[in-house]
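Asker: So that you have it, the file is upload37.txt, and it contains compact mmCIF, C-alpha atoms:
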# COMPACT_ATOMS: atom_id res chain seq x y z
CA GLN Z 1 10.51 5.71 -2.62
CA LYS Z 2 9.36 3.48 0.21
CA GLU Z 3 9.89 4.79 3.72
CA VAL Z 4 11.50 1.52 4.73
CA GLU Z 5 13.51 -0.66 2.38
CA GLN Z 6 14.34 -4.28 3.10
CA ASP Z 7 15.79 -6.85 0.76
CA PRO Z 8 13.18 -9.60 0.48
CA GLY Z 9 15.80 -12.28 -0.18
CA PRO Z 10 15.48 -15.19 -0.05
CA LEU Z 11 18.60 -15.67 2.05
CA SER Z 12 19.92 -19.17 2.63
CA VAL Z 13 22.84 -19.94 4.96
CA PRO Z 14 24.27 -23.07 6.62
CA GLU Z 15 23.54 -23.88 10.23
CA GLY Z 16 25.90 -22.14 12.62
CA ALA Z 17 26.57 -19.17 10.35
CA ILE Z 18 26.20 -15.57 11.42
CA VAL Z 19 23.26 -13.95 9.69
CA SER Z 20 23.03 -10.25 8.96
CA LEU Z 21 19.68 -8.70 8.11
CA ASN Z 22 19.32 -5.03 7.24
CA CYS Z 23 16.87 -2.24 6.60
CA THR Z 24 17.33 1.30 5.42
CA TYR Z 25 14.88 4.11 5.90
CA SER Z 26 14.31 7.61 4.68
CA ASN Z 27 12.42 9.29 7.53
CA SER Z 28 14.87 10.74 10.04
CA ALA Z 29 12.02 11.16 12.53
CA PHE Z 30 11.90 7.43 13.25
CA GLN Z 31 13.00 6.81 16.83
CA TYR Z 32 11.74 3.31 17.66
CA PHE Z 33 13.06 0.33 15.78
CA MET Z 34 11.79 -3.22 15.96
CA TRP Z 35 12.58 -6.58 14.48
CA TYR Z 36 9.89 -9.22 14.15
CA ARG Z 37 10.07 -12.87 13.21
CA GLN Z 38 7.20 -14.36 11.26
CA TYR Z 39 6.80 -18.04 10.64
CA SER Z 40 4.79 -19.18 7.66
CA ARG Z 41 1.06 -18.44 8.03
CA LYS Z 42 1.55 -16.97 11.53
CA GLY Z 43 1.52 -13.46 12.92
CA PRO Z 44 4.81 -11.64 13.58
CA GLU Z 45 6.41 -11.95 17.00
CA LEU Z 46 8.63 -9.27 18.48
CA LEU Z 47 12.33 -10.14 18.65
CA MET Z 48 14.08 -6.89 19.41
CA TYR Z 49 12.99 -3.39 20.36
CA THR Z 50 15.42 -0.47 20.26
CA TYR Z 51 15.06 3.20 20.94
CA SER Z 52 17.27 5.60 19.00
CA SER Z 53 20.84 4.65 18.09
CA GLY Z 54 23.02 1.96 19.52
CA ASN Z 55 23.24 -1.77 20.01
CA LYS Z 56 21.08 -4.18 21.91
CA GLU Z 57 21.84 -7.81 22.55
CA ASP Z 58 19.52 -10.63 23.56
CA GLY Z 59 20.96 -14.11 23.49
CA ARG Z 60 21.99 -14.94 19.95
CA PHE Z 61 20.38 -11.79 18.58
CA THR Z 62 21.94 -8.33 18.29
CA ALA Z 63 20.15 -5.29 16.95
CA GLN Z 64 22.07 -2.25 15.75
CA VAL Z 65 20.73 1.16 14.84
CA ASP Z 66 22.78 3.76 13.00
CA LYS Z 67 20.61 6.82 12.74
CA SER Z 68 23.26 8.87 10.96
CA SER Z 69 23.15 6.38 8.09
CA LYS Z 70 19.46 5.55 8.52
CA TYR Z 71 20.40 1.91 8.69
CA ILE Z 72 19.41 -0.85 11.07
CA SER Z 73 20.66 -4.39 11.35
CA LEU Z 74 19.81 -7.64 13.05
CA PHE Z 75 22.54 -10.20 13.61
CA ILE Z 76 21.84 -13.81 14.45
CA ARG Z 77 24.76 -15.82 15.84
CA ASP Z 78 25.03 -19.59 15.75
CA SER Z 79 22.01 -19.75 13.47
CA GLN Z 80 19.68 -22.73 13.84
CA PRO Z 81 17.19 -24.33 11.44
CA SER Z 82 14.46 -23.10 13.79
CA ASP Z 83 15.51 -19.54 12.90
CA SER Z 84 14.17 -20.12 9.39
CA ALA Z 85 11.41 -17.54 9.00
CA THR Z 86 10.67 -14.15 7.51
CA TYR Z 87 12.20 -11.26 9.44
CA LEU Z 88 10.47 -7.91 9.36
CA CYS Z 89 11.91 -4.62 10.44
CA ALA Z 90 9.53 -1.94 11.64
CA MET Z 91 9.89 1.56 12.96
CA ARG Z 92 7.87 4.49 14.17
CA ARG Z 93 8.24 8.12 15.10
CA SER Z 94 8.29 9.32 18.67
CA GLY Z 95 4.75 10.13 19.72
CA ALA Z 96 3.28 8.28 16.76
CA GLN Z 97 1.53 4.96 16.93
CA LYS Z 98 1.76 3.84 13.33
CA LEU Z 99 4.36 1.20 12.58
CA VAL Z 100 6.02 1.27 9.18
CA PHE Z 101 7.25 -2.13 8.10
CA GLY Z 102 9.88 -3.35 5.71
CA GLN Z 103 8.93 -5.96 3.17
CA GLY Z 104 10.52 -8.75 5.17
CA THR Z 105 13.50 -10.97 4.42
CA ARG Z 106 12.88 -14.66 4.01
CA LEU Z 107 15.66 -16.59 5.76
CA THR Z 108 16.41 -20.31 5.53
CA ILE Z 109 18.99 -21.99 7.75
CA ASN Z 110 20.15 -25.26 6.20
CA PRO Z 111 21.09 -28.14 8.55
CA GLY V 1 0.58 -11.35 29.78
CA ALA V 2 -0.47 -9.23 26.78
CA VAL V 3 -2.19 -11.99 24.83
CA VAL V 4 -4.11 -11.09 21.69
CA SER V 5 -6.43 -13.46 19.88
CA GLN V 6 -8.03 -13.28 16.46
CA HIS V 7 -10.95 -15.24 15.16
CA PRO V 8 -11.21 -16.88 12.76
CA SER V 9 -7.62 -17.81 12.00
CA TRP V 10 -8.55 -18.49 8.41
CA VAL V 11 -11.67 -18.09 6.32
CA ILE V 12 -12.67 -18.90 2.77
CA CYS V 13 -15.70 -17.18 1.33
CA LYS V 14 -17.43 -16.55 -1.94
CA SER V 15 -17.13 -13.25 -3.75
CA GLY V 16 -19.80 -10.80 -2.66
CA THR V 17 -20.18 -12.06 0.89
CA SER V 18 -19.18 -10.21 4.04
CA VAL V 19 -16.66 -11.50 6.53
CA LYS V 20 -16.20 -10.41 10.13
CA ILE V 21 -12.87 -10.77 11.90
CA GLU V 22 -12.61 -10.39 15.67
CA CYS V 23 -9.60 -9.23 17.62
CA ARG V 24 -9.53 -9.58 21.39
CA SER V 25 -7.07 -8.67 24.11
CA LEU V 26 -7.31 -11.41 26.70
CA ASP V 27 -5.53 -9.93 29.67
CA PHE V 28 -5.23 -6.18 29.18
CA GLN V 29 -7.14 -3.16 27.99
CA ALA V 30 -6.21 -1.85 24.57
CA THR V 31 -6.54 1.89 24.21
CA THR V 32 -5.67 1.80 20.55
CA MET V 33 -6.30 -0.91 18.00
CA PHE V 34 -4.72 -1.10 14.58
CA TRP V 35 -5.71 -3.20 11.60
CA TYR V 36 -3.03 -4.14 9.10
CA ARG V 37 -3.07 -6.34 6.06
CA GLN V 38 -0.29 -8.20 4.36
CA PHE V 39 -0.46 -9.30 0.75
CA PRO V 40 1.82 -12.16 -0.30
CA LYS V 41 5.49 -11.21 -0.30
CA GLN V 42 4.67 -7.67 0.77
CA SER V 43 5.02 -5.78 4.02
CA LEU V 44 2.28 -5.15 6.52
CA MET V 45 0.31 -2.06 5.60
CA LEU V 46 -1.78 -0.10 8.06
CA MET V 47 -5.45 0.05 7.13
CA ALA V 48 -6.96 1.92 10.03
CA THR V 49 -6.46 3.04 13.60
CA SER V 50 -9.14 3.24 16.26
CA ASN V 51 -8.56 4.97 19.55
CA GLU V 52 -10.59 4.57 22.69
CA GLY V 53 -13.81 6.53 22.42
CA SER V 54 -13.45 7.64 18.83
CA LYS V 55 -14.20 6.39 15.36
CA ALA V 56 -11.61 4.63 13.29
CA THR V 57 -9.21 6.67 11.18
CA TYR V 58 -8.52 5.09 7.82
CA GLU V 59 -5.30 5.30 5.83
CA GLN V 60 -5.37 6.84 2.39
CA GLY V 61 -6.69 4.42 -0.18
CA VAL V 62 -8.60 2.24 2.29
CA GLU V 63 -12.36 2.37 1.77
CA LYS V 64 -14.07 2.91 5.09
CA ASP V 65 -17.41 1.71 3.74
CA LYS V 66 -15.85 -1.53 2.63
CA PHE V 67 -13.74 -2.22 5.69
CA LEU V 68 -15.95 -1.55 8.69
CA ILE V 69 -14.16 -1.28 11.99
CA ASN V 70 -15.97 -1.42 15.30
CA HIS V 71 -13.96 -0.73 18.44
CA ALA V 72 -16.64 -2.33 20.58
CA SER V 73 -14.78 -2.16 23.88
CA LEU V 74 -11.28 -1.90 25.30
CA THR V 75 -10.85 -5.61 24.69
CA LEU V 76 -12.62 -6.16 21.36
CA SER V 77 -12.32 -4.81 17.85
CA THR V 78 -13.96 -6.18 14.73
CA LEU V 79 -13.11 -5.72 11.09
CA THR V 80 -15.86 -6.51 8.61
CA VAL V 81 -14.92 -6.88 4.98
CA THR V 82 -18.14 -6.12 3.13
CA SER V 83 -18.87 -7.54 -0.31
CA ALA V 84 -15.50 -9.23 -0.41
CA HIS V 85 -13.75 -9.76 -3.73
CA PRO V 86 -10.74 -11.90 -4.66
CA GLU V 87 -8.44 -8.87 -4.46
CA ASP V 88 -9.34 -8.60 -0.76
CA SER V 89 -7.67 -11.95 -0.16
CA SER V 90 -4.92 -11.19 2.31
CA PHE V 91 -3.56 -11.76 5.80
CA TYR V 92 -5.27 -9.42 8.25
CA ILE V 93 -3.56 -8.65 11.55
CA CYS V 94 -4.70 -6.58 14.49
CA ILE V 95 -2.14 -4.84 16.65
CA LEU V 96 -3.06 -3.49 20.02
CA GLN V 97 -1.55 -0.68 22.07
CA ARG V 98 -1.68 -1.11 25.80
CA ARG V 99 -2.09 1.95 27.98
CA GLY V 100 1.27 3.13 29.31
CA TYR V 101 3.35 0.81 27.12
CA ASN V 102 5.42 1.67 24.06
CA GLU V 103 5.30 -1.89 22.82
CA GLN V 104 2.45 -2.99 20.61
CA PHE V 105 1.00 -6.48 20.73
CA PHE V 106 0.17 -8.51 17.65
CA GLY V 107 -2.72 -10.78 17.01
CA PRO V 108 -1.92 -14.09 15.28
CA GLY V 109 -3.59 -12.95 12.07
CA THR V 110 -6.52 -14.07 9.93
CA ARG V 111 -5.99 -15.40 6.45
CA LEU V 112 -8.87 -14.47 4.17
CA THR V 113 -9.34 -16.14 0.82
CA VAL V 114 -12.12 -14.89 -1.41
CA LEU V 115 -13.08 -17.20 -4.25
Just give me the structure as structure tokens.
Answerer:
Amino acid sequence: QKEVEQDPGPLSVPEGAIVSLNCTYSNSAFQYFMWYRQYSRKGPELLMYTYSSGNKEDGRFTAQVDKSSKYISLFIRDSQPSDSATYLCAMRRSGAQKLVFGQGTRLTINP
Amino acid sequence: GAVVSQHPSWVICKSGTSVKIECRSLDFQATTMFWYRQFPKQSLMLMATSNEGSKATYEQGVEKDKFLINHASLTLSTLTVTSAHPEDSSFYICILQRRGYNEQFFGPGTRLTVL
């Protein structure tokens, strides 16, 4: 079993829709949770960074962490074609440096 | 701030040759440098970690004699893929840890294609 599971998609939605991206994990020691956006042939860029459980909002993006269920989500409101990319979740334990990544979900927003 | 560069951004080489990839922090000192690789449609996998003043620590299954890592300074790390083969074709990314910060900073990646 992988430590972090993420549906690779692809996921295709119309412009303006609310997008929900999710990851599950098995290691209860994970404390830091990140979401990255990766455009084709580019390196990932950090979107959201959350410590422990709870919600965090930044513009059209909301990250949720439910540690009891070992489940994290990223919501994108009013999705735009420019949001089309692969979204990677990543997490790490407190005191550890190693990031463990999900496989990435390929998202396409159709105009 | 916290800009990371990688060079080259892409490289094509013949099987059996060696390829060196550079990772630089442009405006901060990186106490820890990580090298990851990403095969098509797969997640990023950690290859090795190098901390300031110590040799690189390799993940299980990564050959240290094949993937040579030199943490030359607090602003430069190099990854050399020796005797590259087609199965080494991948996207290689360095990630840098800045002293006193939880956040890690990504390089833009290097796409290696071995013919």
Asker: Sorted by chain and rising residue number, list the residues of chain V at most 7 Å from chain Z (counting all atoms listed in the file), each with its closest atom pair and distance in Å to one decimal, as CSV.
Answerer:
residue,atom,partner,partner_atom,distance
V:Gln42,CA,Z:Gln103,CA,5.2
V:Ser43,CA,Z:Gln103,CA,4.0
V:Leu44,CA,Z:Phe101,CA,6.0
V:Phe106,CA,Z:Pro44,CA,6.9
V:Gly107,CA,Z:Gly43,CA,6.5
V:Pro108,CA,Z:Gly43,CA,4.2
V:Gly109,CA,Z:Gly43,CA,5.2
Asker: Selection from above, C-alpha atoms, as a tab-separated table (two decimals), in the frame of the given file, can you write it?
Answerer:
chain	number	residue	atom	x	y	z
V	42	GLN	CA	4.67	-7.67	0.77
V	43	SER	CA	5.02	-5.78	4.02
V	44	LEU	CA	2.28	-5.15	6.52
V	106	PHE	CA	0.17	-8.51	17.65
V	107	GLY	CA	-2.72	-10.78	17.01
V	108	PRO	CA	-1.92	-14.09	15.28
V	109	GLY	CA	-3.59	-12.95	12.07
Asker: Which is closest to Val4 in chain V among V:Asn70, V:Gln38, V:Val62, V:Ser77, if we use only C-alpha atoms?
Answerer: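 Of the candidates, the smallest distance to Val4 in chain V is held by V:Ser77.
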Asker: Any idea what's packed within 12 Å of Gln1 in chain Z, counting only C-alpha atoms, ignoring anything in its chain fewer than 6 positions away? Could you give it as a PyMOL selection string?
Answerer: chain Z and resi 24-27
Asker: Regenerate range 60-71 of chain V at the level of all heavy atoms and dump it as an mmCIF file, in the coordinates of the input.
Answerer:
data_model
loop_
_atom_site.group_PDB
_atom_site.id
_atom_site.type_symbol
_atom_site.label_atom_id
_atom_site.label_comp_id
_atom_site.auth_asym_id
_atom_site.auth_seq_id
_atom_site.Cartn_x
_atom_site.Cartn_y
_atom_site.Cartn_z
ATOM 1 N N GLN V 60 -5.024 6.446 3.760
ATOM 2 C CA GLN V 60 -5.370 6.840 2.390
ATOM 3 C C GLN V 60 -5.460 5.596 1.518
ATOM 4 O O GLN V 60 -4.588 4.726 1.555
ATOM 5 C CB GLN V 60 -4.295 7.788 1.850
ATOM 6 C CG GLN V 60 -4.678 8.478 0.566
ATOM 7 C CD GLN V 60 -3.661 9.551 0.180
ATOM 8 O OE1 GLN V 60 -2.593 9.656 0.779
ATOM 9 N NE2 GLN V 60 -3.992 10.345 -0.807
ATOM 10 N N GLY V 61 -6.519 5.534 0.733
ATOM 11 C CA GLY V 61 -6.690 4.420 -0.180
ATOM 12 C C GLY V 61 -7.471 3.260 0.390
ATOM 13 O O GLY V 61 -7.766 2.304 -0.339
ATOM 14 N N VAL V 62 -7.808 3.309 1.665
ATOM 15 C CA VAL V 62 -8.600 2.240 2.290
ATOM 16 C C VAL V 62 -10.044 2.717 2.391
ATOM 17 O O VAL V 62 -10.323 3.757 2.988
ATOM 18 C CB VAL V 62 -8.057 1.895 3.686
ATOM 19 C CG1 VAL V 62 -8.927 0.814 4.331
ATOM 20 C CG2 VAL V 62 -6.618 1.441 3.600
ATOM 21 N N GLU V 63 -10.951 1.968 1.800
ATOM 22 C CA GLU V 63 -12.360 2.370 1.770
ATOM 23 C C GLU V 63 -13.032 2.074 3.103
ATOM 24 O O GLU V 63 -13.192 0.910 3.479
ATOM 25 C CB GLU V 63 -13.084 1.612 0.661
ATOM 26 C CG GLU V 63 -12.545 1.842 -0.735
ATOM 27 C CD GLU V 63 -13.247 0.942 -1.732
ATOM 28 O OE1 GLU V 63 -14.483 1.015 -1.829
ATOM 29 O OE2 GLU V 63 -12.555 0.142 -2.406
ATOM 30 N N LYS V 64 -13.470 3.113 3.774
ATOM 31 C CA LYS V 64 -14.070 2.910 5.090
ATOM 32 C C LYS V 64 -15.428 2.221 5.011
ATOM 33 O O LYS V 64 -15.874 1.591 5.975
ATOM 34 C CB LYS V 64 -14.190 4.239 5.843
ATOM 35 C CG LYS V 64 -15.075 5.256 5.182
ATOM 36 C CD LYS V 64 -15.124 6.529 6.033
ATOM 37 C CE LYS V 64 -16.024 7.570 5.418
ATOM 38 N NZ LYS V 64 -16.076 8.820 6.238
ATOM 39 N N ASP V 65 -16.108 2.364 3.876
ATOM 40 C CA ASP V 65 -17.410 1.710 3.740
ATOM 41 C C ASP V 65 -17.267 0.232 3.395
ATOM 42 O O ASP V 65 -18.223 -0.530 3.504
ATOM 43 C CB ASP V 65 -18.242 2.398 2.654
ATOM 44 C CG ASP V 65 -18.615 3.818 3.055
ATOM 45 O OD1 ASP V 65 -18.738 4.069 4.272
ATOM 46 O OD2 ASP V 65 -18.752 4.670 2.161
ATOM 47 N N LYS V 66 -16.090 -0.145 2.964
ATOM 48 C CA LYS V 66 -15.850 -1.530 2.630
ATOM 49 C C LYS V 66 -15.259 -2.286 3.820
ATOM 50 O O LYS V 66 -15.580 -3.448 4.058
ATOM 51 C CB LYS V 66 -14.903 -1.637 1.436
ATOM 52 C CG LYS V 66 -14.608 -3.072 1.024
ATOM 53 C CD LYS V 66 -13.822 -3.121 -0.262
ATOM 54 C CE LYS V 66 -13.524 -4.560 -0.631
ATOM 55 N NZ LYS V 66 -14.754 -5.328 -0.885
ATOM 56 N N PHE V 67 -14.399 -1.613 4.536
ATOM 57 C CA PHE V 67 -13.740 -2.220 5.690
ATOM 58 C C PHE V 67 -14.275 -1.529 6.945
ATOM 59 O O PHE V 67 -13.774 -0.485 7.358
ATOM 60 C CB PHE V 67 -12.225 -2.078 5.584
ATOM 61 C CG PHE V 67 -11.641 -2.769 4.379
ATOM 62 C CD1 PHE V 67 -11.353 -2.051 3.229
ATOM 63 C CD2 PHE V 67 -11.400 -4.128 4.404
ATOM 64 C CE1 PHE V 67 -10.821 -2.687 2.113
ATOM 65 C CE2 PHE V 67 -10.867 -4.780 3.291
ATOM 66 C CZ PHE V 67 -10.580 -4.053 2.149
ATOM 67 N N LEU V 68 -15.281 -2.139 7.533
ATOM 68 C CA LEU V 68 -15.950 -1.550 8.690
ATOM 69 C C LEU V 68 -15.246 -1.972 9.960
ATOM 70 O O LEU V 68 -15.092 -3.162 10.232
ATOM 71 C CB LEU V 68 -17.420 -1.983 8.716
ATOM 72 C CG LEU V 68 -18.250 -1.647 7.480
ATOM 73 C CD1 LEU V 68 -19.664 -2.172 7.627
ATOM 74 C CD2 LEU V 68 -18.261 -0.147 7.220
ATOM 75 N N ILE V 69 -14.861 -0.991 10.748
ATOM 76 C CA ILE V 69 -14.160 -1.280 11.990
ATOM 77 C C ILE V 69 -15.021 -0.819 13.156
ATOM 78 O O ILE V 69 -15.487 0.318 13.188
ATOM 79 C CB ILE V 69 -12.787 -0.594 12.027
ATOM 80 C CG1 ILE V 69 -11.878 -1.264 10.993
ATOM 81 C CG2 ILE V 69 -12.172 -0.670 13.420
ATOM 82 C CD1 ILE V 69 -10.559 -0.571 10.795
ATOM 83 N N ASN V 70 -15.203 -1.714 14.100
ATOM 84 C CA ASN V 70 -15.970 -1.420 15.300
ATOM 85 C C ASN V 70 -15.089 -1.691 16.513
ATOM 86 O O ASN V 70 -14.719 -2.818 16.789
ATOM 87 C CB ASN V 70 -17.231 -2.290 15.345
ATOM 88 C CG ASN V 70 -18.088 -1.957 16.558
ATOM 89 O OD1 ASN V 70 -17.850 -0.978 17.252
ATOM 90 N ND2 ASN V 70 -19.075 -2.789 16.819
ATOM 91 N N HIS V 71 -14.759 -0.617 17.200
ATOM 92 C CA HIS V 71 -13.960 -0.730 18.440
ATOM 93 C C HIS V 71 -14.976 -0.879 19.580
ATOM 94 O O HIS V 71 -15.267 0.092 20.277
ATOM 95 C CB HIS V 71 -13.108 0.530 18.588
ATOM 96 C CG HIS V 71 -12.029 0.415 19.595
ATOM 97 N ND1 HIS V 71 -10.854 1.138 19.497
ATOM 98 C CD2 HIS V 71 -11.921 -0.305 20.717
ATOM 99 C CE1 HIS V 71 -10.083 0.849 20.525
ATOM 100 N NE2 HIS V 71 -10.702 -0.017 21.285
#
